[in-house]
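With compact mmCIF, C-alpha atoms and all ligand atoms inside, this is work23.txt:
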# COMPACT_ATOMS: atom_id res chain seq x y z
CA MET A 1 6.11 60.61 6.77
CA LYS A 2 7.38 62.21 3.61
CA LYS A 3 6.16 60.78 0.33
CA GLY A 4 9.76 60.08 -0.88
CA LYS A 5 10.63 58.13 2.30
CA LEU A 6 7.42 56.05 2.04
CA MET A 7 8.21 55.15 -1.59
CA GLY A 8 11.71 54.14 -0.49
CA ILE A 9 10.32 51.73 2.14
CA ILE A 10 7.79 50.27 -0.31
CA THR A 11 10.54 49.72 -2.91
CA LYS A 12 12.73 47.97 -0.30
CA VAL A 13 9.83 45.71 0.78
CA ILE A 14 9.00 44.79 -2.83
CA THR A 15 12.68 44.12 -3.65
CA GLY A 16 12.95 41.96 -0.52
CA MET A 17 9.84 39.99 -1.43
CA LEU A 18 11.10 39.45 -4.97
CA LEU A 19 14.45 38.21 -3.63
CA VAL A 20 12.75 35.72 -1.28
CA PHE A 21 10.47 34.56 -4.12
CA THR A 22 13.42 34.06 -6.47
CA LEU A 23 15.34 32.11 -3.82
CA VAL A 24 12.38 29.84 -3.00
CA THR A 25 11.65 29.22 -6.69
CA SER A 26 15.26 28.40 -7.54
CA CYS A 27 15.55 26.04 -4.55
CA PHE A 28 12.36 24.29 -5.58
CA THR A 29 13.48 24.00 -9.20
CA ALA A 30 16.86 22.69 -8.10
CA ARG A 31 15.16 20.08 -5.92
CA VAL A 32 12.94 18.93 -8.74
CA TYR A 33 15.91 18.56 -11.10
CA ALA A 34 17.93 16.78 -8.43
CA ARG A 35 15.11 14.29 -7.81
CA GLU A 36 14.74 13.58 -11.51
CA ASP A 37 18.41 12.67 -11.66
CA ILE A 38 17.93 9.81 -9.21
CA PRO A 39 17.30 6.66 -11.29
CA GLN A 40 15.15 5.11 -8.54
CA TYR A 41 12.66 7.95 -8.90
CA LYS A 42 12.38 7.31 -12.60
CA LEU A 43 11.90 3.60 -11.98
CA GLN A 44 9.12 4.21 -9.49
CA GLU A 45 7.40 6.49 -11.94
CA SER A 46 7.71 4.06 -14.84
CA SER A 47 6.53 1.11 -12.76
CA ILE A 48 3.43 3.11 -11.77
CA VAL A 49 2.72 3.83 -15.44
CA TYR A 50 3.23 0.14 -16.27
CA LYS A 51 0.94 -0.89 -13.44
CA GLU A 52 -1.89 1.20 -14.85
CA ASN A 53 -1.60 -0.66 -18.13
CA SER A 54 -0.93 -3.95 -16.41
CA LYS A 55 -2.28 -7.21 -17.76
CA ARG A 56 -4.19 -9.52 -15.46
CA ILE A 57 -3.77 -13.27 -15.56
CA LEU A 58 -5.79 -15.86 -13.69
CA LEU A 59 -3.37 -18.74 -13.31
CA ASP A 60 -4.99 -22.04 -12.46
CA MET A 61 -3.41 -24.40 -9.96
CA ALA A 62 -4.57 -27.46 -11.88
CA HIS A 63 -6.44 -30.36 -10.27
CA HIS A 64 -7.44 -30.83 -6.62
CA ASP A 65 -10.99 -30.11 -7.72
CA THR A 66 -11.80 -32.97 -5.38
CA LYS A 67 -9.60 -34.06 -2.50
CA LEU A 68 -8.51 -37.22 -4.32
CA ASP A 69 -7.83 -35.60 -7.69
CA ASN A 70 -4.12 -35.51 -8.48
CA GLY A 71 -4.48 -35.82 -12.25
CA CYS A 72 -2.43 -38.50 -13.94
CA SER A 73 0.33 -40.37 -12.16
CA TYR A 74 3.38 -42.50 -12.85
CA GLY A 75 5.24 -44.33 -10.10
CA GLU A 76 5.96 -41.87 -7.31
CA TYR A 77 5.01 -38.85 -9.44
CA ASN A 78 1.66 -37.19 -9.94
CA GLU A 79 0.54 -34.51 -12.35
CA ARG A 80 -0.83 -32.08 -9.77
CA GLU A 81 2.37 -31.73 -7.76
CA ILE A 82 4.64 -31.21 -10.78
CA ALA A 83 2.26 -28.93 -12.70
CA ASN A 84 1.54 -26.83 -9.59
CA LYS A 85 5.26 -26.33 -8.86
CA ILE A 86 5.83 -25.10 -12.40
CA THR A 87 2.71 -22.90 -12.16
CA LEU A 88 4.02 -21.22 -8.98
CA GLN A 89 7.34 -20.47 -10.70
CA VAL A 90 5.52 -19.03 -13.72
CA LYS A 91 3.57 -16.76 -11.34
CA GLN A 92 6.78 -15.35 -9.87
CA LEU A 93 8.33 -14.75 -13.28
CA LEU A 94 5.24 -12.94 -14.59
CA GLU A 95 4.94 -10.80 -11.46
CA ALA A 96 8.58 -9.77 -11.81
CA GLU A 97 7.57 -8.30 -15.20
CA GLY A 98 4.76 -6.27 -13.64
CA ILE A 99 1.96 -8.61 -14.69
CA GLU A 100 -0.85 -9.04 -12.18
CA VAL A 101 -1.31 -12.74 -11.39
CA THR A 102 -4.10 -14.33 -9.36
CA LEU A 103 -4.09 -18.04 -8.49
CA THR A 104 -7.32 -20.03 -8.53
CA ARG A 105 -6.38 -21.77 -5.29
CA GLY A 106 -3.66 -22.16 -2.67
CA GLU A 107 -1.31 -25.12 -3.05
CA ASP A 108 -3.28 -27.48 -0.79
CA ASP A 109 -6.77 -26.08 -1.25
CA VAL A 110 -9.51 -28.07 -2.95
CA ILE A 111 -11.64 -26.05 -5.40
CA SER A 112 -14.23 -27.50 -7.76
CA ILE A 113 -14.23 -26.88 -11.50
CA ALA A 114 -17.52 -24.98 -11.09
CA GLN A 115 -15.89 -22.64 -8.56
CA ARG A 116 -12.99 -22.00 -10.95
CA ILE A 117 -15.43 -20.98 -13.68
CA VAL A 118 -17.27 -18.65 -11.29
CA MET A 119 -13.96 -17.14 -10.18
CA ALA A 120 -12.80 -16.58 -13.76
CA ASN A 121 -16.11 -14.99 -14.79
CA SER A 122 -16.46 -12.78 -11.71
CA ALA A 123 -13.59 -10.47 -12.74
CA ASP A 124 -12.05 -9.20 -15.93
CA TYR A 125 -8.87 -11.14 -16.68
CA ASP A 126 -6.90 -11.00 -19.90
CA TYR A 127 -6.28 -14.75 -19.82
CA TYR A 128 -7.14 -17.84 -17.82
CA ILE A 129 -4.22 -20.25 -18.08
CA SER A 130 -4.21 -23.78 -16.71
CA ILE A 131 -1.05 -25.91 -16.85
CA HIS A 132 -1.46 -29.70 -17.07
CA ILE A 133 0.55 -32.84 -17.78
CA ASN A 134 -0.58 -35.47 -20.25
CA SER A 135 -0.62 -39.26 -20.13
CA SER A 136 -1.08 -41.90 -22.84
CA ASP A 137 -2.73 -45.33 -22.63
CA THR A 138 0.59 -47.11 -23.10
CA LYS A 139 3.82 -45.78 -21.64
CA ASN A 140 6.25 -43.98 -23.96
CA LYS A 141 3.54 -43.82 -26.65
CA GLY A 142 2.71 -40.11 -26.35
CA THR A 143 5.15 -37.21 -26.26
CA GLY A 144 5.15 -33.45 -26.78
CA VAL A 145 2.92 -30.46 -26.19
CA GLU A 146 -0.63 -29.42 -27.02
CA ALA A 147 -3.24 -26.86 -25.95
CA TRP A 148 -7.02 -26.64 -25.62
CA SER A 149 -7.90 -23.09 -26.49
CA ASN A 150 -10.90 -20.89 -25.93
CA ASN A 151 -10.08 -17.79 -28.03
CA ALA A 152 -6.45 -17.95 -26.90
CA TRP A 153 -4.84 -19.31 -30.07
CA SER A 154 -2.02 -16.83 -30.31
CA LEU A 155 -0.96 -17.12 -26.67
CA SER A 156 -1.18 -20.94 -26.80
CA ARG A 157 0.95 -21.02 -29.94
CA LYS A 158 3.63 -18.76 -28.44
CA VAL A 159 3.89 -20.83 -25.25
CA LEU A 160 4.02 -24.15 -27.10
CA LYS A 161 6.62 -22.77 -29.49
CA GLU A 162 8.84 -21.85 -26.52
CA LEU A 163 8.47 -25.37 -25.09
CA GLU A 164 9.20 -26.95 -28.49
CA ASN A 165 12.39 -24.92 -28.75
CA GLU A 166 13.44 -25.45 -25.14
CA PHE A 167 13.06 -29.25 -25.10
CA ASP A 168 12.89 -30.11 -28.79
CA TYR A 169 9.31 -31.25 -28.21
CA LYS A 170 6.86 -32.46 -30.79
CA TYR A 171 4.03 -30.01 -31.53
CA ARG A 172 0.81 -32.00 -31.19
CA GLY A 173 -1.58 -29.16 -31.99
CA ILE A 174 -3.88 -26.52 -30.56
CA PHE A 175 -7.50 -27.60 -30.41
CA GLU A 176 -10.81 -25.84 -29.84
CA SER A 177 -11.43 -26.67 -26.20
CA LYS A 178 -13.93 -29.38 -25.36
CA PHE A 179 -13.19 -28.93 -21.66
CA TYR A 180 -14.59 -26.65 -18.92
CA ASN A 181 -12.62 -23.59 -20.06
CA ARG A 182 -15.16 -23.22 -22.88
CA ARG A 183 -17.45 -21.78 -20.20
CA ILE A 184 -14.97 -19.06 -19.24
CA ASP A 185 -15.74 -15.61 -20.69
CA ASP A 186 -12.10 -14.49 -20.84
CA LYS A 187 -9.64 -15.95 -23.30
CA SER A 188 -8.48 -19.21 -21.82
CA THR A 189 -6.22 -22.14 -22.49
CA ILE A 190 -5.38 -25.51 -21.01
CA LEU A 191 -1.73 -26.28 -21.72
CA GLU A 192 -0.60 -29.92 -21.80
CA ILE A 193 3.15 -29.57 -21.38
CA GLY A 194 4.40 -33.16 -21.72
CA PHE A 195 3.60 -36.80 -20.95
CA LEU A 196 4.21 -38.15 -17.46
CA ASN A 197 4.44 -41.75 -18.71
CA ASN A 198 7.02 -40.89 -21.36
CA LYS A 199 10.61 -41.29 -20.20
CA TYR A 200 12.01 -38.25 -22.03
CA ASP A 201 9.13 -35.92 -21.10
CA ARG A 202 9.10 -37.13 -17.48
CA ASN A 203 12.81 -36.43 -17.03
CA ASN A 204 12.20 -32.83 -18.12
CA LEU A 205 9.07 -32.49 -16.00
CA VAL A 206 10.82 -33.76 -12.87
CA ASN A 207 14.31 -32.30 -13.30
CA HIS A 208 13.89 -29.13 -15.37
CA GLN A 209 10.91 -27.34 -13.87
CA ASP A 210 12.83 -24.04 -13.89
CA ARG A 211 13.37 -24.30 -17.66
CA TYR A 212 9.69 -25.16 -18.07
CA ALA A 213 8.62 -22.09 -16.09
CA GLN A 214 11.00 -19.82 -17.99
CA ALA A 215 9.75 -21.06 -21.36
CA ILE A 216 6.05 -20.75 -20.43
CA ALA A 217 6.55 -17.27 -18.96
CA ARG A 218 8.48 -16.17 -22.07
CA GLY A 219 5.60 -17.25 -24.29
CA ILE A 220 2.98 -15.47 -22.16
CA ILE A 221 5.04 -12.26 -21.92
CA GLU A 222 5.68 -12.26 -25.64
CA GLN A 223 1.93 -12.44 -26.25
CA LEU A 224 1.09 -9.71 -23.73
CA LYS A 225 3.75 -7.37 -25.09
CA GLY A 226 2.15 -7.57 -28.52
CA GLU A 227 -1.35 -6.63 -27.28
ZN ZN B 1 -4.67 -32.42 -15.91
Now that the file is in, can you turn its structure into structure tokens?
Amino acid sequence: MKKGKLMGIITKVITGMLLVFTLVTSCFTARVYAREDIPQYKLQESSIVYKENSKRILLDMAHHDTKLDNGCSYGEYNEREIANKITLQVKQLLEAEGIEVTLTRGEDDVISIAQRIVMANSADYDYYISIHINSSDTKNKGTGVEAWSNNAWSLSRKVLKELENEFDYKYRGIFESKFYNRRIDDKSTILEIGFLNNKYDRNNLVNHQDRYAQAIARGIIEQLKGE
């Protein structure tokens, strides 16, 4: 074969290869751009990023630390059932915001206080939050909201503030916890969200659990956003 003919073939092969390369590259680039234009793709990406920075909450389903423990009661109502319903709603609202929520127990399970402490201390949570309902010695004597904090002052304050605004509740205070959550390594709080034997509080606790859950979740999210 003559040298000129060989060069001609080589040139054609190289040109062909370059053309194929250009086509493949442009298709690939076009695909990448097209995919980035789909909002769903962006959402998936951003939710993955959020997940990596996600906050972890251990949400306590209060009471039932013995089979007979329902907390306080008034007439047909008991603390455990109402507080647990609100807690489950709070869980859903937090999860919808990408916050990782673990419950201390299933709705009907019985778990001791000691087991809750072990559970809280066996993993790294940002907060342990336990939602309770108060009761006073005489009916209609106590009203409003309070918290028993273990290094969770800011979160407790934000949640109580939301409840005060939502129901025009009296702020009773945030106290250094004297209860079991003192033995939890993570920041923790026991929220007392109203009095079961107070007519005004009870009406809210029984009939406005959705508003309760929204207010509590708002307070928690506001705290987590600022961290
Ligand atoms: Zn309680």
Contacts between ligand ZN 1 (chain B) and chain A, please, where a residue of chain A counts if it comes within 7 Å (with only C-alpha atoms and all ligand atoms); show its shortest atom pair and distance in Å to one decimal, rows by chain and ascending number, as JSON lines.
{"residue": "A:Ala62", "atom": "CA", "partner": "B:ZN1", "partner_atom": "ZN", "distance": 6.4}
{"residue": "A:His63", "atom": "CA", "partner": "B:ZN1", "partner_atom": "ZN", "distance": 6.3}
{"residue": "A:Gly71", "atom": "CA", "partner": "B:ZN1", "partner_atom": "ZN", "distance": 5.0}
{"residue": "A:Cys72", "atom": "CA", "partner": "B:ZN1", "partner_atom": "ZN", "distance": 6.8}
{"residue": "A:Glu79", "atom": "CA", "partner": "B:ZN1", "partner_atom": "ZN", "distance": 6.6}
{"residue": "A:His132", "atom": "CA", "partner": "B:ZN1", "partner_atom": "ZN", "distance": 4.4}
{"residue": "A:Ile133", "atom": "CA", "partner": "B:ZN1", "partner_atom": "ZN", "distance": 5.6}
{"residue": "A:Asn134", "atom": "CA", "partner": "B:ZN1", "partner_atom": "ZN", "distance": 6.7}
* What gap, in Å, lies between atom CA of Asp185 of chain A and atom CA of Asn121 of chain A? ->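 Between these atoms lies a distance of 5.9 Å.
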* Using all atoms listed in the file, which residue out of A:Tyr212, A:Phe179, A:Tyr171, A:Tyr125 lies closest to Asn150 of chain A? -> A:Phe179
* **Selected residue of minimal separation from Gly98 of chain A among A:Val206, A:Ile57, A:Ala152, A:Ile174, counting only C-alpha atoms** => A:Ile57
* Using all atoms listed in the file: which of A:Lys178, A:Arg218, A:Lys199, A:Lys85 has the shortest distance to Ile131 of chain A ->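 When distances to Ile131 of chain A are compared using all atoms listed in the file, the smallest one comes from A:Lys85.
Here the question is which of A:Lys225, A:Arg56, A:Arg202, A:Lys187 gets nearest to Ala83 of chain A using only C-alpha atoms, and that residue is A:Arg202.
From atom CA of Glu100 of chain A back to atom CA of Arg116 of chain A, the distance works out to 17.8 Å.
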* Quick one: distance from atom CA of Thr66 of chain A to atom CA of Ile111 of chain A in Å, one decimal? ->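 Answer for the atom CA of Thr66 of chain A to atom CA of Ile111 of chain A separation: 6.9 Å.
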* Distance query Ile99 of chain A at most 6 Å, all atoms listed in the file, self and fewer than 5 positions along chain excluded, as JSON, numbers by chain -> {"A": [54, 55, 94]}
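Between Glu164 of chain A and the candidates A:Ser130, A:Thr143, A:Ser135, A:Ser149, the tightest atom-to-atom separation, counting all atoms listed in the file, involves A:Thr143.
When all atoms listed in the file are used to measure the gap to Ile82 of chain A, the shortest distance among A:Glu107, A:Asp137, A:Glu95, A:Asp124 belongs to A:Glu107.
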